[in-house]
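Step one of this worksheet: look at the structure below.
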Amino acid sequence: MAWVQAGSVRHVVVAMDTKLRGVLGGRTAGALERGLGLVTVGDLVRHYPRRYAERGELTAIAGLSDGDHVTIVADVASVTSRRMRSKKGSILEVLVTDGTDSLVITFFNQAWRERELKVGQRGLFAGTISTYRNQRQLAHPQYLLLDQTGQQESDAVAAGFAGAIIPVYRSCKSVTSWQIQTSVGIALDALGDRVGDLDPMPEAIRMEAGLIEMSAAVEAIHRPQTWEQIEQARRRLAFDEAFVLQSALVERRMIAQGPRATPRTVEG
């Protein structure tokens with residue numbers, strides 16, 4: 001990371017090898033490193049979504065197993081608050097459904113959440129699946145209501161779900177999918193056009209293969225507007241993996257053959 005002086009203001013120049021702590025702050029960067037092993041901006045940008053969900057699509061609850069750390073999209077079906085019998089305090093039980101199956105979300109001594117979680121609301125809920133009395137549940141999950149802003153997260157976080165296609169990332173206990181999405185957005189905005197600086201593919205090969213530029217592929221894979229953009233991005237990134245591997249194999253072959261080896265053109 002470098003500093004550029006502009007008048008009396010210094011601006012941070014972010015690159016792919018910039019540490020996340022200098023872009024996201026120590027707390028978020030620390031959680032990403034501990035939970036997912038992401039240390040640099042490049043690590044985060046290459047942490048691609050594992051799947052996508054549409055705003056109107058409900059994530060299937062059926063098939064979830066104990067111990068799974070999940071992010072589900074579901075509707076609130078009922079909300080019940082009661083006093084606990086065995087000890088002091090209260091328990092809030094929220095039944096959420098995807099239309100075919102359901103699970104219970106529980107909060108202990110947090111009755112105030114009843115004012116937020118209303119029947120009919122749709123939200124993203126992230127936590128670890130467990131079973132209690134033959135009922136699958138999420139205890140104290142993190143959540144984001146899709147129809148509201150500024151309650152569980154800042155307006156900027158909620159705005160990340162304004163599009164029709166929602167990227168779902170591999171997450172962990174300390175970092176939710178939507179927190180990763182927000183962090184990726186910050187990193188991409190900080191990188192700007194520099195996201196394509198490390199493009200390994202010669203322009204001629206890219207054009208011949210009919211592939212989009214690296215910067216466009218990275219933007220589309222993380223912040224797609226259409227399913228076509230996702231397919232174009234996946235095709236480019238998959239091609240890159242094969243191209244880099246083939247280039248490495250050619251380089252090793254040339255080294256093994258010695259200095260007199262005649263270089264060969266790598267075809268896409």
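As shown in the structure tokens, the chain order sets the letters A, B, ...; within each chain, residues go from 1, and ligands are also counted from 1 in the order they appear.
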
What's around stretch 230-233 of chain A at 12 Å? Count only C-alpha atoms, leave out sequence neighbours fewer than 3 positions away in its own chain, and write the answer as a VMD selection string. chain A and resid 48 to 52 165 to 167 209 to 227 236 to 240

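The residue set within 9 Å of A:Val76, counting only C-alpha atoms and dropping same-chain residues fewer than 5 places from it, reads Val94, Leu95, Val96, Thr97, Leu117, Lys118, Val119, Gly120, Gln121, Arg122 and Gly123 of chain A.
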
Given only C-alpha atoms as the counted atoms, nearest of A:Leu44, A:Ala77, A:Val104, A:Asn109 to A:Gly89: A:Asn109

If you measure from atom CA of A:Leu103 to atom CA of A:Leu36, what distance in Å do you get, rounded to one decimal?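 The value is 26.9 Å.
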
Just give me the gap between atom CA of A:Val70 and atom CA of A:Ala126 in Å, one decimal is fine.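 So the two atoms, atom CA of A:Val70 and atom CA of A:Ala126, lie 5.6 Å apart.
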
Which of stretch 47-213 of chain A counts as strand (DSSP E) under DSSP, as a short mmCIF file (atom, residue, chain, number, x, y, z; two decimals) with all heavy atoms, in the first residue's frame please?
data_model
loop_
_atom_site.label_atom_id
_atom_site.label_comp_id
_atom_site.auth_asym_id
_atom_site.auth_seq_id
_atom_site.Cartn_x
_atom_site.Cartn_y
_atom_site.Cartn_z
N ARG A 51 -22.48 -19.57 -4.57
CA ARG A 51 -23.72 -19.67 -5.32
C ARG A 51 -24.42 -18.30 -5.28
O ARG A 51 -23.93 -17.36 -4.64
CB ARG A 51 -24.65 -20.75 -4.75
CG ARG A 51 -25.12 -20.49 -3.32
CD ARG A 51 -25.97 -21.63 -2.81
NE ARG A 51 -26.38 -21.43 -1.44
CZ ARG A 51 -27.45 -20.71 -1.08
NH1 ARG A 51 -28.22 -20.15 -2.02
NH2 ARG A 51 -27.78 -20.55 0.19
N TYR A 52 -25.57 -18.23 -5.94
CA TYR A 52 -26.34 -16.99 -5.99
C TYR A 52 -27.81 -17.30 -5.71
O TYR A 52 -28.30 -18.39 -6.02
CB TYR A 52 -26.22 -16.32 -7.36
CG TYR A 52 -24.80 -15.95 -7.73
CD1 TYR A 52 -23.97 -16.87 -8.33
CD2 TYR A 52 -24.29 -14.68 -7.45
CE1 TYR A 52 -22.67 -16.55 -8.66
CE2 TYR A 52 -22.99 -14.34 -7.78
CZ TYR A 52 -22.18 -15.28 -8.38
OH TYR A 52 -20.89 -14.96 -8.70
N ALA A 53 -28.48 -16.34 -5.12
CA ALA A 53 -29.92 -16.47 -4.86
C ALA A 53 -30.61 -15.22 -5.36
O ALA A 53 -30.05 -14.12 -5.28
CB ALA A 53 -30.19 -16.66 -3.37
N GLU A 54 -31.79 -15.38 -5.90
CA GLU A 54 -32.57 -14.23 -6.32
C GLU A 54 -33.37 -13.70 -5.13
O GLU A 54 -33.72 -14.45 -4.22
CB GLU A 54 -33.50 -14.60 -7.46
CG GLU A 54 -32.76 -14.88 -8.76
CD GLU A 54 -33.70 -15.08 -9.92
OE1 GLU A 54 -34.29 -16.16 -10.01
OE2 GLU A 54 -33.84 -14.15 -10.74
N HIS A 69 -22.94 -24.66 9.15
CA HIS A 69 -23.03 -23.20 9.28
C HIS A 69 -23.65 -22.69 8.01
O HIS A 69 -23.09 -22.86 6.92
CB HIS A 69 -21.66 -22.56 9.51
CG HIS A 69 -21.76 -21.10 9.80
ND1 HIS A 69 -22.01 -20.61 11.06
CD2 HIS A 69 -21.69 -20.03 8.99
CE1 HIS A 69 -22.07 -19.30 11.01
NE2 HIS A 69 -21.88 -18.92 9.76
N VAL A 70 -24.84 -22.12 8.12
CA VAL A 70 -25.63 -21.80 6.94
C VAL A 70 -26.07 -20.34 6.92
O VAL A 70 -26.10 -19.66 7.95
CB VAL A 70 -26.89 -22.69 6.86
CG1 VAL A 70 -26.50 -24.15 6.78
CG2 VAL A 70 -27.81 -22.44 8.06
N THR A 71 -26.37 -19.89 5.73
CA THR A 71 -27.08 -18.62 5.54
C THR A 71 -28.33 -18.96 4.76
O THR A 71 -28.26 -19.44 3.63
CB THR A 71 -26.23 -17.61 4.76
OG1 THR A 71 -25.05 -17.30 5.50
CG2 THR A 71 -27.02 -16.31 4.53
N ILE A 72 -29.49 -18.75 5.36
CA ILE A 72 -30.74 -19.09 4.70
C ILE A 72 -31.55 -17.82 4.44
O ILE A 72 -31.39 -16.81 5.13
CB ILE A 72 -31.58 -20.07 5.54
CG1 ILE A 72 -32.02 -19.42 6.86
CG2 ILE A 72 -30.82 -21.36 5.80
CD1 ILE A 72 -33.05 -20.21 7.62
N VAL A 73 -32.38 -17.89 3.42
CA VAL A 73 -33.33 -16.83 3.13
C VAL A 73 -34.70 -17.39 3.46
O VAL A 73 -35.11 -18.42 2.89
CB VAL A 73 -33.28 -16.41 1.66
CG1 VAL A 73 -34.21 -15.22 1.42
CG2 VAL A 73 -31.86 -16.05 1.25
N ALA A 74 -35.43 -16.78 4.39
CA ALA A 74 -36.70 -17.35 4.84
C ALA A 74 -37.65 -16.26 5.30
O ALA A 74 -37.26 -15.13 5.56
CB ALA A 74 -36.45 -18.35 5.97
N ASP A 75 -38.93 -16.65 5.40
CA ASP A 75 -39.98 -15.76 5.86
C ASP A 75 -40.33 -16.07 7.32
O ASP A 75 -40.35 -17.25 7.73
CB ASP A 75 -41.24 -15.92 5.01
CG ASP A 75 -41.05 -15.42 3.59
OD1 ASP A 75 -40.20 -14.52 3.40
OD2 ASP A 75 -41.74 -15.91 2.69
N VAL A 76 -40.63 -15.04 8.09
CA VAL A 76 -41.06 -15.22 9.47
C VAL A 76 -42.52 -15.68 9.47
O VAL A 76 -43.40 -15.00 8.94
CB VAL A 76 -40.92 -13.91 10.27
CG1 VAL A 76 -41.46 -14.09 11.69
CG2 VAL A 76 -39.45 -13.48 10.31
N ALA A 77 -42.78 -16.86 10.06
CA ALA A 77 -44.13 -17.43 10.09
C ALA A 77 -44.84 -17.16 11.41
O ALA A 77 -46.06 -16.96 11.44
CB ALA A 77 -44.08 -18.93 9.83
N SER A 78 -44.09 -17.16 12.51
CA SER A 78 -44.70 -16.88 13.82
C SER A 78 -43.63 -16.42 14.79
O SER A 78 -42.44 -16.74 14.62
CB SER A 78 -45.41 -18.12 14.38
OG SER A 78 -44.48 -19.14 14.68
N VAL A 79 -44.05 -15.68 15.80
CA VAL A 79 -43.13 -15.16 16.83
C VAL A 79 -43.77 -15.38 18.18
O VAL A 79 -44.90 -14.95 18.43
CB VAL A 79 -42.84 -13.65 16.62
CG1 VAL A 79 -41.86 -13.16 17.67
CG2 VAL A 79 -42.31 -13.38 15.23
N THR A 80 -43.05 -16.05 19.09
CA THR A 80 -43.57 -16.38 20.40
C THR A 80 -42.55 -16.04 21.47
O THR A 80 -41.38 -16.43 21.35
CB THR A 80 -43.94 -17.87 20.51
OG1 THR A 80 -44.84 -18.22 19.47
CG2 THR A 80 -44.58 -18.16 21.86
N SER A 81 -42.98 -15.34 22.50
CA SER A 81 -42.10 -15.01 23.63
C SER A 81 -42.69 -15.63 24.90
O SER A 81 -43.90 -15.54 25.13
CB SER A 81 -41.99 -13.49 23.79
OG SER A 81 -41.14 -13.17 24.87
N ARG A 82 -41.83 -16.27 25.71
CA ARG A 82 -42.32 -16.90 26.94
C ARG A 82 -41.23 -16.89 28.00
O ARG A 82 -40.04 -16.76 27.70
CB ARG A 82 -42.77 -18.33 26.67
CG ARG A 82 -41.69 -19.23 26.10
CD ARG A 82 -42.20 -20.64 25.84
NE ARG A 82 -41.22 -21.48 25.17
CZ ARG A 82 -40.23 -22.11 25.79
NH1 ARG A 82 -40.09 -22.01 27.12
NH2 ARG A 82 -39.36 -22.85 25.10
N ARG A 83 -41.64 -17.04 29.23
CA ARG A 83 -40.70 -17.13 30.35
C ARG A 83 -40.14 -18.54 30.43
O ARG A 83 -40.84 -19.52 30.17
CB ARG A 83 -41.38 -16.80 31.68
CG ARG A 83 -42.08 -15.44 31.71
CD ARG A 83 -41.13 -14.29 31.58
NE ARG A 83 -40.16 -14.24 32.69
CZ ARG A 83 -39.20 -13.34 32.80
NH1 ARG A 83 -39.05 -12.40 31.85
NH2 ARG A 83 -38.38 -13.35 33.82
N SER A 90 -36.26 -14.99 29.68
CA SER A 90 -37.27 -15.30 28.67
C SER A 90 -36.61 -15.86 27.43
O SER A 90 -35.39 -15.74 27.23
CB SER A 90 -38.05 -14.03 28.30
OG SER A 90 -37.19 -13.07 27.70
N ILE A 91 -37.41 -16.48 26.60
CA ILE A 91 -36.93 -17.02 25.34
C ILE A 91 -37.87 -16.57 24.23
O ILE A 91 -39.09 -16.62 24.38
CB ILE A 91 -36.83 -18.56 25.39
CG1 ILE A 91 -36.32 -19.10 24.05
CG2 ILE A 91 -38.17 -19.20 25.74
CD1 ILE A 91 -36.00 -20.58 24.09
N LEU A 92 -37.28 -16.10 23.16
CA LEU A 92 -38.05 -15.69 21.99
C LEU A 92 -37.85 -16.74 20.91
O LEU A 92 -36.72 -17.04 20.52
CB LEU A 92 -37.57 -14.32 21.49
CG LEU A 92 -38.32 -13.75 20.27
CD1 LEU A 92 -39.75 -13.39 20.66
CD2 LEU A 92 -37.60 -12.53 19.71
N GLU A 93 -38.94 -17.32 20.43
CA GLU A 93 -38.89 -18.35 19.41
C GLU A 93 -39.54 -17.82 18.13
O GLU A 93 -40.70 -17.41 18.14
CB GLU A 93 -39.60 -19.62 19.87
CG GLU A 93 -38.91 -20.27 21.07
CD GLU A 93 -39.62 -21.54 21.53
OE1 GLU A 93 -40.87 -21.60 21.38
OE2 GLU A 93 -38.94 -22.43 22.05
N VAL A 94 -38.77 -17.83 17.05
CA VAL A 94 -39.24 -17.32 15.77
C VAL A 94 -39.24 -18.47 14.77
O VAL A 94 -38.18 -19.04 14.48
CB VAL A 94 -38.34 -16.17 15.26
CG1 VAL A 94 -38.86 -15.63 13.93
CG2 VAL A 94 -38.26 -15.06 16.29
N LEU A 95 -40.40 -18.82 14.27
CA LEU A 95 -40.50 -19.88 13.27
C LEU A 95 -40.36 -19.25 11.89
O LEU A 95 -41.09 -18.32 11.53
CB LEU A 95 -41.85 -20.58 13.37
CG LEU A 95 -42.07 -21.76 12.40
CD1 LEU A 95 -41.18 -22.93 12.80
CD2 LEU A 95 -43.54 -22.18 12.39
N VAL A 96 -39.37 -19.74 11.12
CA VAL A 96 -39.17 -19.23 9.76
C VAL A 96 -39.37 -20.37 8.78
O VAL A 96 -39.11 -21.54 9.09
CB VAL A 96 -37.78 -18.59 9.58
CG1 VAL A 96 -37.61 -17.41 10.51
CG2 VAL A 96 -36.67 -19.61 9.81
N THR A 97 -39.81 -20.05 7.58
CA THR A 97 -40.14 -21.07 6.60
C THR A 97 -39.72 -20.66 5.20
O THR A 97 -39.63 -19.48 4.89
CB THR A 97 -41.66 -21.35 6.61
OG1 THR A 97 -41.97 -22.33 5.61
CG2 THR A 97 -42.45 -20.07 6.32
N SER A 102 -39.42 -25.76 7.65
CA SER A 102 -39.26 -24.66 8.61
C SER A 102 -38.21 -25.02 9.65
O SER A 102 -37.79 -26.18 9.78
CB SER A 102 -40.59 -24.36 9.31
OG SER A 102 -41.02 -25.49 10.06
N LEU A 103 -37.77 -24.02 10.37
CA LEU A 103 -36.91 -24.22 11.54
C LEU A 103 -37.18 -23.09 12.52
O LEU A 103 -37.79 -22.08 12.17
CB LEU A 103 -35.44 -24.31 11.15
CG LEU A 103 -34.74 -23.14 10.45
CD1 LEU A 103 -34.37 -22.02 11.40
CD2 LEU A 103 -33.47 -23.66 9.78
N VAL A 104 -36.74 -23.29 13.76
CA VAL A 104 -36.98 -22.32 14.82
C VAL A 104 -35.70 -21.53 15.10
O VAL A 104 -34.62 -22.10 15.20
CB VAL A 104 -37.45 -23.02 16.11
CG1 VAL A 104 -37.52 -22.02 17.27
CG2 VAL A 104 -38.81 -23.66 15.90
N ILE A 105 -35.85 -20.23 15.20
CA ILE A 105 -34.75 -19.35 15.59
C ILE A 105 -35.02 -18.90 17.02
O ILE A 105 -36.12 -18.44 17.34
CB ILE A 105 -34.67 -18.14 14.64
CG1 ILE A 105 -34.24 -18.60 13.25
CG2 ILE A 105 -33.71 -17.09 15.17
CD1 ILE A 105 -34.28 -17.53 12.21
N THR A 106 -34.04 -19.05 17.89
CA THR A 106 -34.23 -18.75 19.30
C THR A 106 -33.28 -17.65 19.78
O THR A 106 -32.12 -17.59 19.37
CB THR A 106 -34.01 -20.00 20.17
OG1 THR A 106 -32.69 -20.51 19.95
CG2 THR A 106 -35.03 -21.08 19.82
N PHE A 107 -33.82 -16.80 20.65
CA PHE A 107 -33.04 -15.76 21.31
C PHE A 107 -33.36 -15.79 22.80
O PHE A 107 -34.54 -15.79 23.18
CB PHE A 107 -33.38 -14.38 20.74
CG PHE A 107 -33.06 -14.20 19.28
CD1 PHE A 107 -34.04 -14.38 18.32
CD2 PHE A 107 -31.77 -13.87 18.87
CE1 PHE A 107 -33.76 -14.22 16.98
CE2 PHE A 107 -31.48 -13.71 17.53
CZ PHE A 107 -32.47 -13.88 16.58
N PHE A 108 -32.34 -15.82 23.64
CA PHE A 108 -32.54 -15.84 25.08
C PHE A 108 -32.36 -14.44 25.65
O PHE A 108 -31.38 -13.75 25.36
CB PHE A 108 -31.56 -16.81 25.73
CG PHE A 108 -31.76 -18.25 25.31
CD1 PHE A 108 -31.01 -18.79 24.27
CD2 PHE A 108 -32.72 -19.03 25.94
CE1 PHE A 108 -31.20 -20.10 23.87
CE2 PHE A 108 -32.92 -20.36 25.54
CZ PHE A 108 -32.16 -20.88 24.50
N ARG A 122 -39.24 -11.04 5.42
CA ARG A 122 -38.23 -11.92 4.84
C ARG A 122 -36.85 -11.45 5.27
O ARG A 122 -36.59 -10.25 5.34
CB ARG A 122 -38.34 -11.92 3.32
CG ARG A 122 -37.29 -12.77 2.61
CD ARG A 122 -37.68 -13.01 1.16
NE ARG A 122 -38.94 -13.77 1.10
CZ ARG A 122 -39.57 -14.05 -0.03
NH1 ARG A 122 -39.08 -13.62 -1.18
NH2 ARG A 122 -40.69 -14.74 -0.02
N GLY A 123 -35.98 -12.41 5.56
CA GLY A 123 -34.64 -12.04 6.00
C GLY A 123 -33.61 -13.09 5.68
O GLY A 123 -33.93 -14.22 5.28
N LEU A 124 -32.35 -12.71 5.85
CA LEU A 124 -31.24 -13.65 5.79
C LEU A 124 -30.85 -13.96 7.23
O LEU A 124 -30.69 -13.05 8.05
CB LEU A 124 -30.05 -13.06 5.04
CG LEU A 124 -30.22 -12.87 3.54
CD1 LEU A 124 -30.55 -11.42 3.23
CD2 LEU A 124 -28.96 -13.29 2.81
N PHE A 125 -30.69 -15.24 7.52
CA PHE A 125 -30.36 -15.68 8.86
C PHE A 125 -29.12 -16.58 8.78
O PHE A 125 -29.11 -17.54 8.01
CB PHE A 125 -31.52 -16.44 9.49
CG PHE A 125 -32.81 -15.65 9.53
CD1 PHE A 125 -33.69 -15.69 8.46
CD2 PHE A 125 -33.12 -14.87 10.63
CE1 PHE A 125 -34.88 -14.95 8.49
CE2 PHE A 125 -34.30 -14.13 10.67
CZ PHE A 125 -35.18 -14.17 9.59
N ALA A 126 -28.09 -16.26 9.57
CA ALA A 126 -26.83 -17.00 9.50
C ALA A 126 -26.48 -17.56 10.87
O ALA A 126 -26.50 -16.84 11.88
CB ALA A 126 -25.71 -16.10 9.01
N GLY A 127 -26.18 -18.84 10.92
CA GLY A 127 -25.81 -19.46 12.19
C GLY A 127 -25.53 -20.94 11.99
O GLY A 127 -25.44 -21.44 10.87
N THR A 128 -25.40 -21.67 13.11
CA THR A 128 -25.09 -23.09 13.08
C THR A 128 -26.33 -23.91 13.42
O THR A 128 -26.97 -23.67 14.45
CB THR A 128 -23.96 -23.42 14.07
OG1 THR A 128 -22.80 -22.63 13.74
CG2 THR A 128 -23.58 -24.89 14.00
N ILE A 129 -26.65 -24.86 12.58
CA ILE A 129 -27.84 -25.70 12.76
C ILE A 129 -27.64 -26.66 13.94
O ILE A 129 -26.58 -27.27 14.09
CB ILE A 129 -28.13 -26.51 11.49
CG1 ILE A 129 -28.51 -25.59 10.33
CG2 ILE A 129 -29.24 -27.53 11.74
CD1 ILE A 129 -29.86 -24.92 10.50
N SER A 130 -28.66 -26.78 14.77
CA SER A 130 -28.68 -27.77 15.84
C SER A 130 -30.11 -28.30 15.96
O SER A 130 -31.03 -27.79 15.33
CB SER A 130 -28.22 -27.16 17.17
OG SER A 130 -29.09 -26.10 17.56
N THR A 131 -30.30 -29.33 16.77
CA THR A 131 -31.62 -29.92 16.96
C THR A 131 -31.96 -29.95 18.44
O THR A 131 -31.14 -30.35 19.27
CB THR A 131 -31.67 -31.36 16.40
OG1 THR A 131 -31.39 -31.34 15.00
CG2 THR A 131 -33.06 -31.96 16.61
N TYR A 132 -33.17 -29.50 18.75
CA TYR A 132 -33.65 -29.51 20.13
C TYR A 132 -35.09 -30.01 20.12
O TYR A 132 -35.95 -29.43 19.45
CB TYR A 132 -33.58 -28.10 20.74
CG TYR A 132 -34.08 -28.01 22.16
CD1 TYR A 132 -33.37 -28.61 23.20
CD2 TYR A 132 -35.27 -27.35 22.46
CE1 TYR A 132 -33.82 -28.52 24.51
CE2 TYR A 132 -35.72 -27.25 23.76
CZ TYR A 132 -35.00 -27.84 24.78
OH TYR A 132 -35.45 -27.78 26.08
N GLN A 135 -36.61 -30.64 16.73
CA GLN A 135 -36.86 -29.47 15.90
C GLN A 135 -35.53 -28.81 15.56
O GLN A 135 -34.74 -28.48 16.45
CB GLN A 135 -37.76 -28.47 16.63
CG GLN A 135 -37.95 -27.14 15.92
CD GLN A 135 -38.75 -27.26 14.64
OE1 GLN A 135 -39.90 -27.70 14.65
NE2 GLN A 135 -38.15 -26.87 13.52
N ARG A 136 -35.26 -28.63 14.27
CA ARG A 136 -34.04 -27.94 13.88
C ARG A 136 -34.13 -26.47 14.27
O ARG A 136 -35.21 -25.87 14.19
CB ARG A 136 -33.81 -28.07 12.37
CG ARG A 136 -33.24 -29.40 11.95
CD ARG A 136 -33.24 -29.55 10.47
NE ARG A 136 -34.59 -29.44 9.92
CZ ARG A 136 -34.85 -29.42 8.63
NH1 ARG A 136 -33.87 -29.47 7.75
NH2 ARG A 136 -36.09 -29.33 8.21
N GLN A 137 -33.00 -25.92 14.67
CA GLN A 137 -33.02 -24.53 15.12
C GLN A 137 -31.70 -23.83 14.85
O GLN A 137 -30.67 -24.45 14.61
CB GLN A 137 -33.34 -24.46 16.61
CG GLN A 137 -32.25 -25.02 17.51
CD GLN A 137 -32.51 -24.74 19.00
OE1 GLN A 137 -33.57 -24.26 19.37
NE2 GLN A 137 -31.53 -25.04 19.82
N LEU A 138 -31.77 -22.50 14.89
CA LEU A 138 -30.61 -21.63 14.91
C LEU A 138 -30.70 -20.82 16.19
O LEU A 138 -31.69 -20.10 16.40
CB LEU A 138 -30.61 -20.69 13.69
CG LEU A 138 -30.35 -21.27 12.31
CD1 LEU A 138 -30.51 -20.19 11.25
CD2 LEU A 138 -28.96 -21.87 12.23
N ALA A 139 -29.70 -20.95 17.04
CA ALA A 139 -29.70 -20.20 18.29
C ALA A 139 -28.88 -18.92 18.14
O ALA A 139 -27.73 -18.97 17.71
CB ALA A 139 -29.14 -21.05 19.43
N GLN A 142 -27.12 -14.37 13.47
CA GLN A 142 -27.08 -13.02 12.93
C GLN A 142 -28.11 -12.96 11.82
O GLN A 142 -28.36 -13.95 11.13
CB GLN A 142 -25.69 -12.70 12.39
CG GLN A 142 -24.61 -12.73 13.46
CD GLN A 142 -23.27 -12.24 12.94
OE1 GLN A 142 -23.15 -11.11 12.47
NE2 GLN A 142 -22.27 -13.09 13.00
N TYR A 143 -28.71 -11.81 11.64
CA TYR A 143 -29.73 -11.73 10.59
C TYR A 143 -29.79 -10.34 10.00
O TYR A 143 -29.34 -9.35 10.59
CB TYR A 143 -31.11 -12.13 11.13
CG TYR A 143 -31.67 -11.26 12.24
CD1 TYR A 143 -32.45 -10.14 11.97
CD2 TYR A 143 -31.44 -11.58 13.57
CE1 TYR A 143 -32.98 -9.35 12.99
CE2 TYR A 143 -31.95 -10.81 14.61
CZ TYR A 143 -32.73 -9.70 14.31
OH TYR A 143 -33.23 -8.93 15.32
N LEU A 144 -30.36 -10.29 8.79
CA LEU A 144 -30.56 -9.04 8.08
C LEU A 144 -31.92 -9.10 7.42
O LEU A 144 -32.19 -10.00 6.62
CB LEU A 144 -29.48 -8.84 7.02
CG LEU A 144 -29.60 -7.57 6.15
CD1 LEU A 144 -29.37 -6.33 7.00
CD2 LEU A 144 -28.60 -7.62 5.01
N LEU A 145 -32.81 -8.19 7.76
CA LEU A 145 -34.14 -8.15 7.17
C LEU A 145 -34.05 -7.48 5.82
O LEU A 145 -33.55 -6.37 5.68
CB LEU A 145 -35.11 -7.40 8.09
CG LEU A 145 -35.27 -8.02 9.49
CD1 LEU A 145 -36.22 -7.18 10.33
CD2 LEU A 145 -35.76 -9.45 9.40
N ILE A 165 -30.03 -10.19 -7.67
CA ILE A 165 -29.21 -11.38 -7.48
C ILE A 165 -28.33 -11.20 -6.25
O ILE A 165 -27.58 -10.24 -6.15
CB ILE A 165 -28.34 -11.65 -8.72
CG1 ILE A 165 -29.23 -11.82 -9.96
CG2 ILE A 165 -27.48 -12.89 -8.52
CD1 ILE A 165 -28.46 -11.97 -11.24
N ILE A 166 -28.42 -12.13 -5.32
CA ILE A 166 -27.68 -12.04 -4.06
C ILE A 166 -26.54 -13.06 -4.07
O ILE A 166 -26.80 -14.26 -4.13
CB ILE A 166 -28.59 -12.33 -2.85
CG1 ILE A 166 -29.76 -11.35 -2.82
CG2 ILE A 166 -27.80 -12.26 -1.54
CD1 ILE A 166 -30.82 -11.70 -1.80
N PRO A 167 -25.28 -12.63 -4.03
CA PRO A 167 -24.18 -13.59 -3.93
C PRO A 167 -24.12 -14.20 -2.54
O PRO A 167 -24.31 -13.49 -1.54
CB PRO A 167 -22.94 -12.74 -4.22
CG PRO A 167 -23.33 -11.36 -3.82
CD PRO A 167 -24.80 -11.24 -4.10
N VAL A 168 -23.90 -15.48 -2.48
CA VAL A 168 -23.79 -16.18 -1.19
C VAL A 168 -22.38 -16.74 -1.10
O VAL A 168 -21.97 -17.56 -1.93
CB VAL A 168 -24.83 -17.30 -1.06
CG1 VAL A 168 -24.70 -18.00 0.29
CG2 VAL A 168 -26.24 -16.75 -1.23
#

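Take atom CA of A:Gly99 and atom CA of A:Ser65: the distance between them is 18.6 Å.
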
Would you list the contacts of A:Leu20 as number ranges by chain, taking every protein, DNA or RNA residue within 6 Å and counting only C-alpha atoms, but skipping same-chain residues closer than 5 positions in sequence? A: 29, 39-41

Would you mind exporting the chosen residues as an mmCIF file, in the first residue's frame, restricted to C-alpha atoms?
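Here's the written file result27.cif:
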data_model
loop_
_atom_site.group_PDB
_atom_site.id
_atom_site.type_symbol
_atom_site.label_atom_id
_atom_site.label_comp_id
_atom_site.auth_asym_id
_atom_site.auth_seq_id
_atom_site.Cartn_x
_atom_site.Cartn_y
_atom_site.Cartn_z
ATOM 1 C CA ALA A 29 -9.702 -7.980 8.762
ATOM 2 C CA VAL A 39 -5.080 -11.651 4.535
ATOM 3 C CA THR A 40 -4.729 -9.403 1.487
ATOM 4 C CA VAL A 41 -7.107 -7.548 -0.798
#

Nearest residue to A:Val14 out of A:Asp101, A:Asp43, A:Asp189, A:Glu116, using only C-alpha atoms?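 Nearest to A:Val14: A:Asp189.
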
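Minimum atom-to-atom distances from A:Ala111, A:Lys19, A:Arg235, A:Thr100 to A:Leu32 were compared using only C-alpha atoms, and the lowest value belongs to A:Lys19.
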